[in-house]
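Down below is the structure, laid out as structure tokens.
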Amino acid sequence: MNILFLGAPGCGKGTQSKLIIKEFGIPQISTGDLLREEIKGGSSLGKEIQDIMSTGKFVSDDLVLSLVSKKLGQDECKKGFILDGYPRNISQAESLDELFIAKNISLEYVFLIDVPFETLIERCTGRLLCTSSGYIGNTDRGEKVGDKCEGGGELYQREDDKEETVKNRLNVYQEQTAPIIEFYQNKNILHKMIGGNDPALLSKKILEIIKS
């Protein structure tokens with residue numbers, strides 16, 4: 001079972017990925033995690049990646065694809081995998097497709113979680129994190145920056161959750177990632193799901209499609 005989640009930042013891809021992991025026991029492939037693992041492993045490639053990232057530059061598409069290819073060859077991916085946040089543009093989608101063909105892998109489901117940008121802006125800009133625990137707060141609940149939370153730390157807002165940054169991230173998504181939707185739609189494996197404030201209901205609909 002090979003699955004890809006698409007959607008703008010804050011749409012809930014991570015939440016739904018965790019559900020699939022729990023339900024079917026297949027791993028999530030995160031390119032960010034792959035880069036960090038390679039650096040931690042101390043390989044020559046890891047050192048190259050660290051040098052690139054330390055200068056603030058982006059790791060090339062070819063290098064990321066090679067890490068994805070390496071991951072797909074591991075035993076834990078034999079029963080399937082979940083891709084979340086990759087590919088990010090049409091060039092990456094086409095290269096990944098070529099890799100799948102070479103490895104005789106079929107992408108079975110692509111779930112697009114569609115949430116209005118206005119909702120995403122409200123959701124992201126209202127999100128608050130704790131300095132000492134995994135607690136996630138929200139201004140919708142009357143919480144604010146500096147409040148003490150259940151974990152004993154203080155709530156703060158990430159730089160990339162500030163309104164101007166969120167809008168920029170959404171614009172980049174619209175320009176670069178949205179064209180991928182048509183790419184997978186033409187393959188007849190795209191399922192457009194309406195996201196919102198009820199992740200449990202969305203999870204139920206996704207599982208119904210997979211199990212049908």
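Identifiers in the structure tokens: chain A, B, ... in order shown; residue index from 1 per chain; ligand index from 1 in order shown.
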
Residues of region 15-194 of chain A in helix (DSSP H, G or I), written as JSON, numbers by chain: {"A": [15, 16, 17, 18, 19, 20, 21, 22, 23, 24, 31, 32, 33, 34, 35, 36, 37, 38, 39, 40, 41, 44, 45, 46, 47, 48, 49, 50, 51, 52, 53, 54, 61, 62, 63, 64, 65, 66, 67, 68, 69, 70, 71, 72, 75, 76, 77, 90, 91, 92, 93, 94, 95, 96, 97, 98, 99, 100, 101, 102, 117, 118, 119, 120, 121, 122, 123, 124, 125, 139, 140, 141, 159, 160, 161, 163, 164, 165, 166, 167, 168, 169, 170, 171, 172, 173, 174, 175, 176, 177, 178, 179, 180, 181, 182, 183, 184, 185]}

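With only C-alpha atoms taken into account, the protein and nucleic acid residues at most 10 Å from Ala8 (chain A) (excluding it and anything under 3 positions from it in its own chain) are A:Cys11, A:Gly12, A:Lys13, A:Gly85, A:Leu112, A:Ile113, A:Asp114, A:Val115, A:Pro116, A:Phe117, A:Leu120, A:Arg169, A:Leu170, A:Asn171, A:Val172, A:Tyr173, A:Gln174, A:Thr177, A:Ala178.
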
Would you write out those residues with C-alpha atoms, as an mmCIF file, in the first residue's frame?
data_model
loop_
_atom_site.group_PDB
_atom_site.id
_atom_site.type_symbol
_atom_site.label_atom_id
_atom_site.label_comp_id
_atom_site.auth_asym_id
_atom_site.auth_seq_id
_atom_site.Cartn_x
_atom_site.Cartn_y
_atom_site.Cartn_z
ATOM 1 C CA CYS A 11 -3.999 21.196 6.059
ATOM 2 C CA GLY A 12 -3.517 18.162 8.325
ATOM 3 C CA LYS A 13 -1.326 15.848 6.217
ATOM 4 C CA GLY A 85 5.382 16.706 1.763
ATOM 5 C CA LEU A 112 -5.312 15.831 -1.620
ATOM 6 C CA ILE A 113 -6.500 17.489 1.591
ATOM 7 C CA ASP A 114 -8.194 20.675 0.436
ATOM 8 C CA VAL A 115 -8.691 23.452 2.998
ATOM 9 C CA PRO A 116 -9.514 27.113 2.154
ATOM 10 C CA PHE A 117 -6.475 29.362 2.476
ATOM 11 C CA LEU A 120 -5.195 27.679 6.918
ATOM 12 C CA ARG A 169 4.350 29.604 2.210
ATOM 13 C CA LEU A 170 0.829 29.274 0.803
ATOM 14 C CA ASN A 171 1.758 31.311 -2.268
ATOM 15 C CA VAL A 172 4.772 29.059 -2.893
ATOM 16 C CA TYR A 173 2.493 26.030 -2.534
ATOM 17 C CA GLN A 174 0.012 27.496 -5.023
ATOM 18 C CA THR A 177 2.910 22.262 -5.646
ATOM 19 C CA ALA A 178 -0.603 22.791 -6.997
#

DSSP strand (DSSP E) selection over region 33-147 of chain A, as a ChimeraX atom specification: /A:81-84,109-114,127-130,136-138

Among the residues A:Val145, A:Thr165, A:Leu83, A:Lys211, the one that comes closest to Glu23 (chain A) [using only C-alpha atoms]: A:Lys211

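Coordinates place CA of Ile3 (chain A) at a distance of 6.3 Å from CA of Leu107 (chain A).
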
Distance query Glu163 (chain A) at most 10 Å, only C-alpha atoms, self and fewer than 6 positions along chain excluded, as a list of chain:residue names: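 My reading of the contact set: A:Ile121, A:Glu122, A:Cys124, A:Thr125, A:Gly126, A:Arg169.
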
For the residues selected in the previous step, produce a file with C-alpha atoms as a CSV table (one decimal), in the first residue's frame.
chain,number,residue,atom,x,y,z
A,121,ILE,CA,-4.0,31.2,7.7
A,122,GLU,CA,-6.2,31.3,10.8
A,124,CYS,CA,-1.4,28.4,11.5
A,125,THR,CA,-1.2,31.9,12.9
A,126,GLY,CA,-3.2,30.9,15.9
A,169,ARG,CA,4.4,29.6,2.2

Option closest in space to Leu96 (chain A), from A:Ile189, A:Tyr184, A:Met53, A:Lys47 [counting only C-alpha atoms]: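 Looking only at the distances to Leu96 (chain A), the closest residue turns out to be A:Tyr184.
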
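For the atom pair formed by CA of Lys162 (chain A) and CA of Leu35 (chain A), the distance is 25.7 Å, given to one decimal.
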
Contact residues around Gly32 (chain A) with only C-alpha atoms at 10 Å, ignoring same-chain residues under 4 positions, as a PyMOL selection string: chain A and resi 36-37+64+85-86

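Straight-line separation from CA of Gly134 (chain A) to CA of Glu159 (chain A): 17.2 Å.
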
Surrounding residues of His191 (chain A) excluding itself and chain neighbours under 5 positions, 8 Å, only C-alpha atoms, as a PyMOL selection string: chain A and resi 109-112

For region 25-31 of chain A: contacts at 10 Å, only C-alpha atoms, fewer than 3 positions along chain excluded, given as a PyMOL selection string: chain A and resi 1-4+14+17-22+34-37+64-65+67-68+71-72+76-87

Nearest-residue call for Ala102 (chain A), choices A:Thr119, A:Asn89, A:Ser132, A:Ser69, using only C-alpha atoms: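 Among the listed residues, A:Ser69 lies closest to Ala102 (chain A).
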
Exercise: Asp140 (chain A) partners within 9 Å, only C-alpha atoms, chain neighbours under 3 positions left out, as a list in words: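 Counting only the stated atoms, we get Arg123, Gly126, Arg127, Gly137 and Glu143 of chain A.
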
Distance criterion (only C-alpha atoms): nearest to Leu45 (chain A) out of A:Gly153, A:Asp33, A:Pro199, A:Ser66: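 Looking at the shortest contact to Leu45 (chain A), the residue is A:Ser66.
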